[in-house]
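**Student:** Have a look at this one.
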Amino acid sequence: MKQLVLLAAATLTACAQPSAPMVCTAPLKPALEIDLYFGRDKQAGGEVSETEWAQFLAEIVTPRFPDGLSVLNVEGQARDPASGGRIVRERTKLVVVVVFDAPAHRAKVREVVEAYNQRFGQHSAFRSEQPVCAGI
């Protein structure tokens with residue numbers, strides 16, 4: 001599944017094209033929503049626990065995005081080409097961040113993904129980005 005996620009992420013990144021500037025109604029401002037999907041299965045077996053996740057969130061994610069983020073528990077599934085195309089399912093943490101400083105966020109996102117991969121033996125995290133109007 002990790003290989004499929006990596007392929008899908010690369011495909012989505014490759015198709016990004018510049019678009020017209022977003023027009024937002026006040027008090028909203030143009031922003032970018034970043035969705036990061038972190039599969040919880042560990043390559044060595046087992047699953048990233050809630051305690052491990054909370055520690056990762058506090059040490060790695062929050063310092064890079066201190067203005068706020070959301071975490072949702074989701075159930076992911078994908079076709080795994082390595083297993084003959086069978087559907088594999090995995091519990092996943094979805095981190096949603098809205099930034100107003102694009103593209104300065106890219107290094108922060110890369111650091112978060114690399115730290116997760118290293119800490120939990122993952123290959124990558126699925127990522128999507130979309131322009132939004134946001135504000136308080």
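Every chain in the structure tokens has a letter given in the order shown (A, B, ...), and although residue numbers restart at 1 in each chain, ligands are simply numbered from 1 in the order shown.
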Identify all residues of segment 15-109 of chain A in helix (DSSP H, G or I) (DSSP on the backbone) and supply them as a PyMOL selection string.
**Tutor:** chain A and resi 50-64+81-83+105-109
**Student:** Ranking A:Ala58, A:Tyr37, A:Val97, A:Arg64 by minimum distance to Gln77 of chain A and counting only C-alpha atoms, which one comes first?
**Tutor:**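 Selected residue with least distance to Gln77 of chain A: A:Tyr37.
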**Student:** Please provide the set of residues having any atom within 12 Å of Lys108 of chain A, restricted to only C-alpha atoms, with same-chain residues fewer than 2 positions apart removed, written as a list in words.
**Tutor:** Ile34, Ile60, Val61, Thr62, Pro63, Arg64, Phe65, Pro66, Val97, Val99, Asp101, Ala102, Pro103, Ala104, His105, Arg106, Arg110, Glu111, Val112, Val113, Glu114 and Ala115 of chain A
**Student:** Just the selected residues (N, CA and C atoms), exported as a PDB file, in the first residue's frame, please.
**Tutor:**
ATOM      1  N   ILE A  34      -3.730  21.629   3.137  1.00  0.00           N
ATOM      2  CA  ILE A  34      -2.839  20.490   2.945  1.00  0.00           C
ATOM      3  C   ILE A  34      -3.409  19.324   3.736  1.00  0.00           C
ATOM      4  N   ILE A  60       6.858  16.866  16.462  1.00  0.00           N
ATOM      5  CA  ILE A  60       7.207  17.110  15.062  1.00  0.00           C
ATOM      6  C   ILE A  60       6.202  18.013  14.347  1.00  0.00           C
ATOM      7  N   VAL A  61       4.927  17.684  14.413  1.00  0.00           N
ATOM      8  CA  VAL A  61       3.938  18.396  13.601  1.00  0.00           C
ATOM      9  C   VAL A  61       3.589  19.768  14.188  1.00  0.00           C
ATOM     10  N   THR A  62       3.205  19.806  15.444  1.00  0.00           N
ATOM     11  CA  THR A  62       2.753  21.056  16.056  1.00  0.00           C
ATOM     12  C   THR A  62       3.805  22.168  16.012  1.00  0.00           C
ATOM     13  N   PRO A  63       5.088  21.885  16.284  1.00  0.00           N
ATOM     14  CA  PRO A  63       6.068  22.973  16.196  1.00  0.00           C
ATOM     15  C   PRO A  63       6.185  23.578  14.789  1.00  0.00           C
ATOM     16  N   ARG A  64       5.886  22.812  13.770  1.00  0.00           N
ATOM     17  CA  ARG A  64       5.993  23.321  12.404  1.00  0.00           C
ATOM     18  C   ARG A  64       4.723  24.038  11.948  1.00  0.00           C
ATOM     19  N   PHE A  65       3.604  23.703  12.583  1.00  0.00           N
ATOM     20  CA  PHE A  65       2.320  24.334  12.243  1.00  0.00           C
ATOM     21  C   PHE A  65       1.608  24.767  13.529  1.00  0.00           C
ATOM     22  N   PRO A  66       2.207  25.699  14.266  1.00  0.00           N
ATOM     23  CA  PRO A  66       1.666  26.071  15.575  1.00  0.00           C
ATOM     24  C   PRO A  66       0.354  26.846  15.516  1.00  0.00           C
ATOM     25  N   VAL A  97      -4.049  20.852   7.466  1.00  0.00           N
ATOM     26  CA  VAL A  97      -3.431  22.126   7.816  1.00  0.00           C
ATOM     27  C   VAL A  97      -3.826  23.145   6.754  1.00  0.00           C
ATOM     28  N   VAL A  99      -2.667  26.814   5.396  1.00  0.00           N
ATOM     29  CA  VAL A  99      -1.558  27.772   5.483  1.00  0.00           C
ATOM     30  C   VAL A  99      -1.832  28.978   4.592  1.00  0.00           C
ATOM     31  N   ASP A 101       0.963  30.949   3.942  1.00  0.00           N
ATOM     32  CA  ASP A 101       2.321  31.307   3.521  1.00  0.00           C
ATOM     33  C   ASP A 101       2.863  30.405   2.423  1.00  0.00           C
ATOM     34  N   ALA A 102       1.972  29.877   1.580  1.00  0.00           N
ATOM     35  CA  ALA A 102       2.443  29.017   0.493  1.00  0.00           C
ATOM     36  C   ALA A 102       3.393  29.815  -0.386  1.00  0.00           C
ATOM     37  N   PRO A 103       4.465  29.280  -0.851  1.00  0.00           N
ATOM     38  CA  PRO A 103       4.951  27.906  -0.757  1.00  0.00           C
ATOM     39  C   PRO A 103       5.929  27.650   0.397  1.00  0.00           C
ATOM     40  N   ALA A 104       6.011  28.551   1.368  1.00  0.00           N
ATOM     41  CA  ALA A 104       6.941  28.361   2.484  1.00  0.00           C
ATOM     42  C   ALA A 104       6.641  27.094   3.291  1.00  0.00           C
ATOM     43  N   HIS A 105       5.448  26.561   3.156  1.00  0.00           N
ATOM     44  CA  HIS A 105       5.055  25.368   3.905  1.00  0.00           C
ATOM     45  C   HIS A 105       5.749  24.100   3.413  1.00  0.00           C
ATOM     46  N   ARG A 106       6.247  24.111   2.203  1.00  0.00           N
ATOM     47  CA  ARG A 106       6.763  22.868   1.595  1.00  0.00           C
ATOM     48  C   ARG A 106       7.859  22.218   2.418  1.00  0.00           C
ATOM     49  N   ARG A 110       7.673  18.508   4.175  1.00  0.00           N
ATOM     50  CA  ARG A 110       8.710  17.506   3.885  1.00  0.00           C
ATOM     51  C   ARG A 110       9.357  17.004   5.181  1.00  0.00           C
ATOM     52  N   GLU A 111       9.647  17.892   6.107  1.00  0.00           N
ATOM     53  CA  GLU A 111      10.243  17.502   7.394  1.00  0.00           C
ATOM     54  C   GLU A 111       9.311  16.590   8.180  1.00  0.00           C
ATOM     55  N   VAL A 112       8.027  16.909   8.188  1.00  0.00           N
ATOM     56  CA  VAL A 112       7.049  16.089   8.913  1.00  0.00           C
ATOM     57  C   VAL A 112       6.979  14.690   8.305  1.00  0.00           C
ATOM     58  N   VAL A 113       6.857  14.611   6.986  1.00  0.00           N
ATOM     59  CA  VAL A 113       6.759  13.312   6.318  1.00  0.00           C
ATOM     60  C   VAL A 113       8.031  12.492   6.523  1.00  0.00           C
ATOM     61  N   GLU A 114       9.194  13.115   6.356  1.00  0.00           N
ATOM     62  CA  GLU A 114      10.461  12.396   6.556  1.00  0.00           C
ATOM     63  C   GLU A 114      10.607  11.898   7.987  1.00  0.00           C
ATOM     64  N   ALA A 115      10.197  12.700   8.956  1.00  0.00           N
ATOM     65  CA  ALA A 115      10.280  12.277  10.355  1.00  0.00           C
ATOM     66  C   ALA A 115       9.359  11.083  10.622  1.00  0.00           C
TER      67      ALA A 115
END
**Student:** Kindly indicate which residue among A:Thr51, A:Phe38, A:Pro131, A:Lys29 lies nearest to Glu75 of chain A, using only C-alpha atoms for the distances.
**Tutor:**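 For Glu75 of chain A, the nearest of the given residues is A:Phe38.
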**Student:** Quick one: pick out all strand (DSSP E) residues within segment 9-95 of chain A from a backbone DSSP run and write them as JSON, numbers by chain.
**Tutor:** {"A": [29, 30, 31, 32, 33, 34, 35, 36, 37, 38, 39, 70, 71, 72, 73, 74, 75, 76, 77, 78, 79, 80, 86, 87, 88, 89, 90, 91, 92, 93, 94, 95]}
**Student:** Just the selected residues (C-alpha atoms), exported as a compact mmCIF listing (two decimals), in the first residue's frame, please.
**Tutor:**
# COMPACT_ATOMS: atom_id res chain seq x y z
CA LYS A 29 -8.34 35.14 2.51
CA PRO A 30 -6.72 32.90 -0.09
CA ALA A 31 -5.00 29.95 1.56
CA LEU A 32 -3.88 26.42 0.86
CA GLU A 33 -5.33 23.32 2.53
CA ILE A 34 -2.84 20.49 2.95
CA ASP A 35 -4.10 16.99 3.71
CA LEU A 36 -1.52 14.47 4.91
CA TYR A 37 -2.53 10.81 5.28
CA PHE A 38 -0.29 8.81 7.63
CA GLY A 39 -0.85 5.06 7.46
CA SER A 70 -6.90 19.09 12.64
CA VAL A 71 -6.36 15.35 13.07
CA LEU A 72 -8.97 12.83 12.01
CA ASN A 73 -9.01 9.05 12.29
CA VAL A 74 -9.83 7.57 8.88
CA GLU A 75 -9.89 4.13 7.31
CA GLY A 76 -7.86 3.89 4.11
CA GLN A 77 -7.86 1.29 1.39
CA ALA A 78 -6.00 0.81 -1.85
CA ARG A 79 -5.22 -1.84 -4.41
CA ASP A 80 -1.78 -3.31 -3.72
CA ARG A 86 -5.85 -7.26 -3.67
CA ILE A 87 -7.45 -4.48 -1.65
CA VAL A 88 -5.55 -3.66 1.54
CA ARG A 89 -7.00 -1.62 4.38
CA GLU A 90 -5.16 0.45 6.93
CA ARG A 91 -6.10 2.70 9.81
CA THR A 92 -4.80 6.18 9.04
CA LYS A 93 -4.33 9.57 10.67
CA LEU A 94 -5.37 12.49 8.47
CA VAL A 95 -3.71 15.80 9.33
